[in-house]
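Let me begin by presenting the structure, written as structure tokens, before commenting on it.
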Amino acid sequence: MERVDNSNISQASLNMKKSKSTVLWEKFVEKIFFISACMAIISIATITIFIFAKGGPAMLEIGIFNFMFGTTELGGKVYLWQPGADIYHIITMILSSIYITLGAIIIGVPIGILTAVFIAEIAPKWLVKIMKPAVELLAGIPSVVYGFFGLIIIVPMIYEAYGRQLKGGGNSMLAAIIILSIMILPTIINISIAAIKAVPIEYKEGSLAMGATHIQTIFKVMIPAAKSGIFAAVILGIGRAIGETMAVILVAGNSIKFPTSISDSVRPMTAHIALEMSYASPGLHENSLFATGIVLFVFIMLLNIALNFITHKVGE
Amino acid sequence: MNNMKITVKDLNLYYGDFQALKNINIDIEERKITALIGPSGCGKSTFIKTLNRMNDLIEGVKIDGNVMLDGEDIYKDVDVIKLRKRVGMVFQKPNPFPMSVYDNVAYGPRSHGVKKKSILDEIVEKSLRSAAIWDEAKDRLKKNALGFSGGQQQRLCIARALAVEPEVLLMDEPTSALDPIATGRIEELTEDLKKEYTIVIVTHSMQQAGRISDKTAFFLLGDLIEMGDTKKIFSNPDDKRTEDYITGRFG
Ligand SMILES: Nc1ncnc2c1ncn2[C@@H]1O[C@H](COP(=O)(O)OP(=O)(O)OP(=O)(O)O)[C@@H](O)[C@H]1O
Ligand SMILES: [Mg+2]
């Protein structure tokens with residue numbers, strides 16, 4: 001009896017408090033949330049406007065198609081990028097970005113998904129306790145360290161593998177692909193693990209109860225059920241690969257030419273912007289780099305749209 | 001005539017330190033329906049899962065005693081994959097896979113190596129017919145199974161279990177998530193199925209146990225209190241506790 005009374009009193013006093021300071025406090029907290037949200041949106045908007053304001057006119061001046069896909073022929077020679085002569089074509093950078101991203105996806109995605117399956121479903125507990133932190137650590141390593149690792153280990157290995165013939169000394173598309181494959185692993189693994197773990201246990205039980213093996217259950221039921229999450233993982237991985245700059249600069253060789261072989265020295269868009277920005281003269285040269293940024297920006301936007309589309313469509 | 005399909009001898013099961021089944025001895029007759037009843041937490045699900053080793057999935061489970069299927073110890077002599085093919089299971093919550101109706105039913109046979117389309121077609125139709133859902137499913141074979149109603153999903157799950165041609169069908173409260181009409185259909189279905197299959201069913205409904213089962217086993221706190229002909233258990237149980245439970249004088 002006493003307990004009931006007590007709870008009534010505390011309930012009443014709670015209600016009283018709510019009517020005074022609590023309301024003010026909640027208003028205040030709401031404002032803080034609102035301002036924080038605005039900060040994020042304002043930053044995005046500022047960056048977008050800035051890039052387009054600087055790069056847009058340059059792009060129009062050069063000609064959008066000419067800038068992205070054209071080349072200039074002078075006296076039988078093909079010119080791609082000669083700021084001194086106002087020649088600006090980024091087709092090789094676009095191709096390089098696409099190639100190294102595709103390469104990283106081809107290597108990184110299967111390894112990432114299989115690792116995720118292993119950690120989520122197969123590995124014994126003690127091994128999971130080692131592997132999960134290891135993967136998280138992989139995500140936390142600064143990209144310059146990856147680049148350094150690539151430069152010291154991967155590049156010389158490629159140089160040796162090609163019989164010391166490469167002009168770039170092993171700095172190549174292949175080196176960039178290998179480094180990026182490793183760099184996208186944490187993203188793909190972590191998100192895929194979450195997706196696999198989110199598959200209802202009932203599916204797994206249903207499959208096993210019919211005498212399917214664990215591996216059959218994983219590949220026929222669990223992965224298909226987790227596919228929208230795994231797609232999301234892959235797209236975020238692509239985003240990471242296409243946007244990566246520092247590690248790529250250190251290993252890709254950065255030559256402005258059409259990539260024809262995996263051992264070629266290449267310069268993707270990110271590396272291009274970072275390398276030239278430091279010395280580009282104000283005017284068309286500098287603005288053409290912002291224009292390159294626009295192209296990169298649009299790529300990333302398309303990826304995000306694809307991501308939204310996939311998570312909504314496939315999730316159904 | 002009284003062929004024993006499954007014989008359980010001195011079965012004890014522990015979840016870590018907690019003993020969930022205490023020295024269980026049960027004989028399950030071939031082509032009969034055996035109902036397992038008892039208050040919540042008494043170990044019915046735990047027991048039914050020992051019959052096709054679904055407890056293997058749970059960490060820290062210890063089992064001793066013997067479960068014999070046609071005279072073979074399923075924990076020693078039988079490969080778990082083959083065991084589960086012979087002893088199928090239908091769960092409390094309908095759990096069709098998020099794929100087409102056809103693929104759901106074909107899943108089991110495909111897992112066991114059946115590839116030919118014509119054979120799969122045949123198995124799918126036969127299983128859906130046996131589970132009394134062919135009429136509703138035949139025009140929706142390519143549609144996602146999750147679009148079915150709860151009762152249809154449960155019959156689909158029964159079809160899916162039948163598709164691997166099991167000998168025993170375990171059902172853990174298969175109608176607890178269904179409305180009375182869907183429940184009625186599943187009950188009728190079990191009557192048909194017992195001509196070919198040995199059925200073990202967990203139920204919280206005394207009426208259901210009384211309506212459909214031939215044998216009833218009453219569990220209490222991990223003990224098997226009493227087992228016998230359903231008629232006898234319901235009209236004249238030996239144990240006072242069984243009577244209390246059946247007449248509803250119990251928690
Ligand atoms: N995975 C588990 N780990 C530990 N204890 C468990 C586990 N599963 C069940 N138990 C315990 O074992 C006992 C029997 O559980 P079980 O699920 O078999 O009961 P039940 O008779 O099926 O109950 P209900 O009618 O509610 O389904 C309960 O005390 C339960 O708490
Ligand atoms: Mg249960």
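If you're wondering about the labels, chains in the structure tokens are A, B, ... by order shown, residues count from 1 in each chain, ligands from 1 in order shown.
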Chain B contacts on chain A, only C-alpha atoms, 7 Å, as a JSON list (two decimals) with C-alpha atoms, in the first residue's frame:
```json
[["chain", "number", "residue", "atom", "x", "y", "z"],
["A", 202, "GLU", "CA", 14.99, -18.58, -38.51],
["A", 203, "TYR", "CA", 16.31, -18.73, -42.07],
["A", 206, "GLY", "CA", 15.04, -23.61, -41.54],
["A", 209, "ALA", "CA", 16.70, -28.43, -40.40],
["A", 210, "MET", "CA", 16.27, -29.75, -43.93],
["A", 211, "GLY", "CA", 19.70, -31.26, -43.91],
["A", 212, "ALA", "CA", 21.46, -28.51, -45.85],
["A", 213, "THR", "CA", 25.09, -28.09, -44.84],
["A", 225, "ALA", "CA", 19.04, -12.63, -47.66]]
```
### Task
Name all residues at most 10 Å from region 239-251 of chain B (count only C-alpha atoms; drop same-chain ones fewer than 3 positions away) and give them as a PyMOL selection string.
chain B and resi 37-40+205-207+217-220+225-227+233-236
Output of the above residues as a PDB file, in the first residue's frame, restricted to N, CA, C and O atoms:
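After the write, again_19.pdb holds the following:
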```
ATOM      1  N   ILE B  37       3.031 -31.947 -24.385  1.00  0.00           N
ATOM      2  CA  ILE B  37       2.373 -30.832 -23.709  1.00  0.00           C
ATOM      3  C   ILE B  37       3.076 -30.534 -22.382  1.00  0.00           C
ATOM      4  O   ILE B  37       3.890 -31.338 -21.910  1.00  0.00           O
ATOM      5  N   GLY B  38       2.771 -29.375 -21.839  1.00  0.00           N
ATOM      6  CA  GLY B  38       3.373 -28.988 -20.562  1.00  0.00           C
ATOM      7  C   GLY B  38       3.490 -27.485 -20.498  1.00  0.00           C
ATOM      8  O   GLY B  38       3.459 -26.816 -21.528  1.00  0.00           O
ATOM      9  N   PRO B  39       3.622 -26.950 -19.299  1.00  0.00           N
ATOM     10  CA  PRO B  39       3.681 -25.495 -19.154  1.00  0.00           C
ATOM     11  C   PRO B  39       4.935 -24.908 -19.781  1.00  0.00           C
ATOM     12  O   PRO B  39       5.911 -25.615 -20.030  1.00  0.00           O
ATOM     13  N   SER B  40       4.904 -23.630 -20.016  1.00  0.00           N
ATOM     14  CA  SER B  40       6.014 -22.927 -20.652  1.00  0.00           C
ATOM     15  C   SER B  40       7.308 -23.150 -19.877  1.00  0.00           C
ATOM     16  O   SER B  40       7.326 -23.094 -18.654  1.00  0.00           O
ATOM     17  N   SER B 205      -2.149 -26.111 -26.822  1.00  0.00           N
ATOM     18  CA  SER B 205      -3.599 -26.218 -26.825  1.00  0.00           C
ATOM     19  C   SER B 205      -4.010 -27.647 -26.478  1.00  0.00           C
ATOM     20  O   SER B 205      -3.711 -28.583 -27.209  1.00  0.00           O
ATOM     21  N   MET B 206      -4.675 -27.781 -25.332  1.00  0.00           N
ATOM     22  CA  MET B 206      -5.142 -29.108 -24.914  1.00  0.00           C
ATOM     23  C   MET B 206      -6.110 -29.680 -25.946  1.00  0.00           C
ATOM     24  O   MET B 206      -6.060 -30.857 -26.277  1.00  0.00           O
ATOM     25  N   GLN B 207      -6.973 -28.771 -26.474  1.00  0.00           N
ATOM     26  CA  GLN B 207      -7.944 -29.226 -27.463  1.00  0.00           C
ATOM     27  C   GLN B 207      -7.223 -29.791 -28.682  1.00  0.00           C
ATOM     28  O   GLN B 207      -7.595 -30.834 -29.211  1.00  0.00           O
ATOM     29  N   ALA B 217       2.525 -36.842 -24.340  1.00  0.00           N
ATOM     30  CA  ALA B 217       3.542 -36.865 -23.286  1.00  0.00           C
ATOM     31  C   ALA B 217       3.460 -35.549 -22.533  1.00  0.00           C
ATOM     32  O   ALA B 217       3.429 -34.481 -23.143  1.00  0.00           O
ATOM     33  N   PHE B 218       3.421 -35.637 -21.222  1.00  0.00           N
ATOM     34  CA  PHE B 218       3.308 -34.429 -20.398  1.00  0.00           C
ATOM     35  C   PHE B 218       4.639 -34.159 -19.704  1.00  0.00           C
ATOM     36  O   PHE B 218       5.161 -34.988 -18.968  1.00  0.00           O
ATOM     37  N   PHE B 219       5.187 -32.975 -19.968  1.00  0.00           N
ATOM     38  CA  PHE B 219       6.462 -32.562 -19.387  1.00  0.00           C
ATOM     39  C   PHE B 219       6.213 -31.538 -18.282  1.00  0.00           C
ATOM     40  O   PHE B 219       5.297 -30.726 -18.367  1.00  0.00           O
ATOM     41  N   LEU B 220       7.097 -31.580 -17.280  1.00  0.00           N
ATOM     42  CA  LEU B 220       7.028 -30.576 -16.228  1.00  0.00           C
ATOM     43  C   LEU B 220       8.435 -30.332 -15.700  1.00  0.00           C
ATOM     44  O   LEU B 220       9.093 -31.280 -15.237  1.00  0.00           O
ATOM     45  N   ILE B 225       6.547 -36.469 -17.044  1.00  0.00           N
ATOM     46  CA  ILE B 225       5.711 -36.929 -15.939  1.00  0.00           C
ATOM     47  C   ILE B 225       4.939 -38.182 -16.343  1.00  0.00           C
ATOM     48  O   ILE B 225       4.857 -39.146 -15.588  1.00  0.00           O
ATOM     49  N   GLU B 226       4.406 -38.133 -17.550  1.00  0.00           N
ATOM     50  CA  GLU B 226       3.531 -39.229 -17.934  1.00  0.00           C
ATOM     51  C   GLU B 226       3.397 -39.278 -19.438  1.00  0.00           C
ATOM     52  O   GLU B 226       3.363 -38.235 -20.099  1.00  0.00           O
ATOM     53  N   MET B 227       3.340 -40.475 -19.973  1.00  0.00           N
ATOM     54  CA  MET B 227       3.102 -40.585 -21.409  1.00  0.00           C
ATOM     55  C   MET B 227       2.192 -41.766 -21.678  1.00  0.00           C
ATOM     56  O   MET B 227       2.314 -42.807 -21.040  1.00  0.00           O
ATOM     57  N   ILE B 233      -4.670 -40.248 -21.237  1.00  0.00           N
ATOM     58  CA  ILE B 233      -4.082 -39.092 -20.568  1.00  0.00           C
ATOM     59  C   ILE B 233      -5.148 -38.038 -20.293  1.00  0.00           C
ATOM     60  O   ILE B 233      -5.166 -37.402 -19.242  1.00  0.00           O
ATOM     61  N   PHE B 234      -6.058 -37.879 -21.234  1.00  0.00           N
ATOM     62  CA  PHE B 234      -7.047 -36.817 -21.072  1.00  0.00           C
ATOM     63  C   PHE B 234      -8.232 -37.222 -20.200  1.00  0.00           C
ATOM     64  O   PHE B 234      -8.894 -36.377 -19.613  1.00  0.00           O
ATOM     65  N   SER B 235      -8.511 -38.539 -20.142  1.00  0.00           N
ATOM     66  CA  SER B 235      -9.687 -38.930 -19.363  1.00  0.00           C
ATOM     67  C   SER B 235      -9.307 -39.465 -17.995  1.00  0.00           C
ATOM     68  O   SER B 235     -10.010 -39.251 -17.016  1.00  0.00           O
ATOM     69  N   ASN B 236      -8.172 -40.109 -17.939  1.00  0.00           N
ATOM     70  CA  ASN B 236      -7.866 -40.806 -16.706  1.00  0.00           C
ATOM     71  C   ASN B 236      -6.357 -40.877 -16.461  1.00  0.00           C
ATOM     72  O   ASN B 236      -5.769 -41.957 -16.451  1.00  0.00           O
TER      73      ASN B 236
END
```
### Message
Could you list, as number ranges by chain, all protein and nucleic acid residues with an atom at most 6 Å from ligand 1, counting only C-alpha atoms and all ligand atoms?
### Response
B: 15, 20, 39-46, 58
### Task
Taking the DSSP assignment computed from this structure's backbone, write out as a PyMOL selection string all residues of region 82-215 of chain B that belong to helix (DSSP H, G or I).
chain B and resi 82-86+101-111+117-130+134-137+145-147+150-162+180-193+206-212
### Message
Could you check the closest approach to ligand 2 for each of B:Asp223, B:Glu188, B:Glu173, B:Asp10 and tell me which residue wins, using only C-alpha atoms and all ligand atoms?
### Response
B:Glu173
### Task
Find the residue from B:Ala209, B:Ala177, B:Leu21, B:Val114 that sits nearest to Val61 (chain B); use only C-alpha atoms when measuring.
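Looking at the shortest contact to Val61 (chain B), the residue is B:Leu21.
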### Task
as an MDAnalysis selection string, list the residues of region 59-276 of chain A assigned to strand (DSSP E or B) by DSSP on the backbone atoms of this structure.
chainID A and resid 72:74 77:79 81:82 87:88 253 266
Can I get the selected residues back with N, CA, C and O atoms, as an mmCIF file, in the first residue's frame?
```cif
data_model
loop_
_atom_site.group_PDB
_atom_site.id
_atom_site.type_symbol
_atom_site.label_atom_id
_atom_site.label_comp_id
_atom_site.auth_asym_id
_atom_site.auth_seq_id
_atom_site.Cartn_x
_atom_site.Cartn_y
_atom_site.Cartn_z
ATOM 1 N N THR A 72 43.861 16.855 -77.921
ATOM 2 C CA THR A 72 44.292 17.866 -78.894
ATOM 3 C C THR A 72 45.440 17.306 -79.714
ATOM 4 O O THR A 72 46.420 16.794 -79.156
ATOM 5 N N GLU A 73 45.301 17.390 -81.059
ATOM 6 C CA GLU A 73 46.383 16.924 -81.921
ATOM 7 C C GLU A 73 47.083 18.122 -82.543
ATOM 8 O O GLU A 73 46.452 19.002 -83.120
ATOM 9 N N LEU A 74 48.382 18.146 -82.349
ATOM 10 C CA LEU A 74 49.168 19.240 -82.930
ATOM 11 C C LEU A 74 50.390 18.632 -83.595
ATOM 12 O O LEU A 74 51.189 17.957 -82.923
ATOM 13 N N LYS A 77 51.180 15.043 -82.977
ATOM 14 C CA LYS A 77 51.312 14.600 -81.591
ATOM 15 C C LYS A 77 50.005 14.831 -80.837
ATOM 16 O O LYS A 77 49.307 15.812 -81.077
ATOM 17 N N VAL A 78 49.687 13.908 -79.919
ATOM 18 C CA VAL A 78 48.460 14.046 -79.129
ATOM 19 C C VAL A 78 48.809 14.692 -77.790
ATOM 20 O O VAL A 78 49.691 14.205 -77.078
ATOM 21 N N TYR A 79 48.155 15.808 -77.512
ATOM 22 C CA TYR A 79 48.383 16.466 -76.227
ATOM 23 C C TYR A 79 47.156 16.299 -75.323
ATOM 24 O O TYR A 79 46.015 16.391 -75.789
ATOM 25 N N TRP A 81 47.329 17.370 -71.613
ATOM 26 C CA TRP A 81 47.308 18.336 -70.504
ATOM 27 C C TRP A 81 48.534 19.243 -70.625
ATOM 28 O O TRP A 81 49.632 18.841 -70.272
ATOM 29 N N GLN A 82 48.338 20.406 -71.177
ATOM 30 C CA GLN A 82 49.428 21.378 -71.298
ATOM 31 C C GLN A 82 48.919 22.733 -70.833
ATOM 32 O O GLN A 82 48.493 23.555 -71.636
ATOM 33 N N ILE A 87 45.774 23.631 -72.825
ATOM 34 C CA ILE A 87 45.212 22.347 -73.255
ATOM 35 C C ILE A 87 44.850 21.542 -72.008
ATOM 36 O O ILE A 87 45.713 21.232 -71.187
ATOM 37 N N TYR A 88 43.555 21.307 -71.871
ATOM 38 C CA TYR A 88 43.081 20.602 -70.665
ATOM 39 C C TYR A 88 42.149 19.450 -71.057
ATOM 40 O O TYR A 88 41.006 19.692 -71.432
ATOM 41 N N GLY A 253 52.449 6.222 -59.994
ATOM 42 C CA GLY A 253 53.362 6.711 -61.022
ATOM 43 C C GLY A 253 52.975 8.073 -61.560
ATOM 44 O O GLY A 253 53.825 8.882 -61.910
ATOM 45 N N VAL A 266 49.987 5.492 -64.044
ATOM 46 C CA VAL A 266 48.719 6.182 -64.298
ATOM 47 C C VAL A 266 48.498 7.327 -63.313
ATOM 48 O O VAL A 266 49.080 7.354 -62.233
#
```
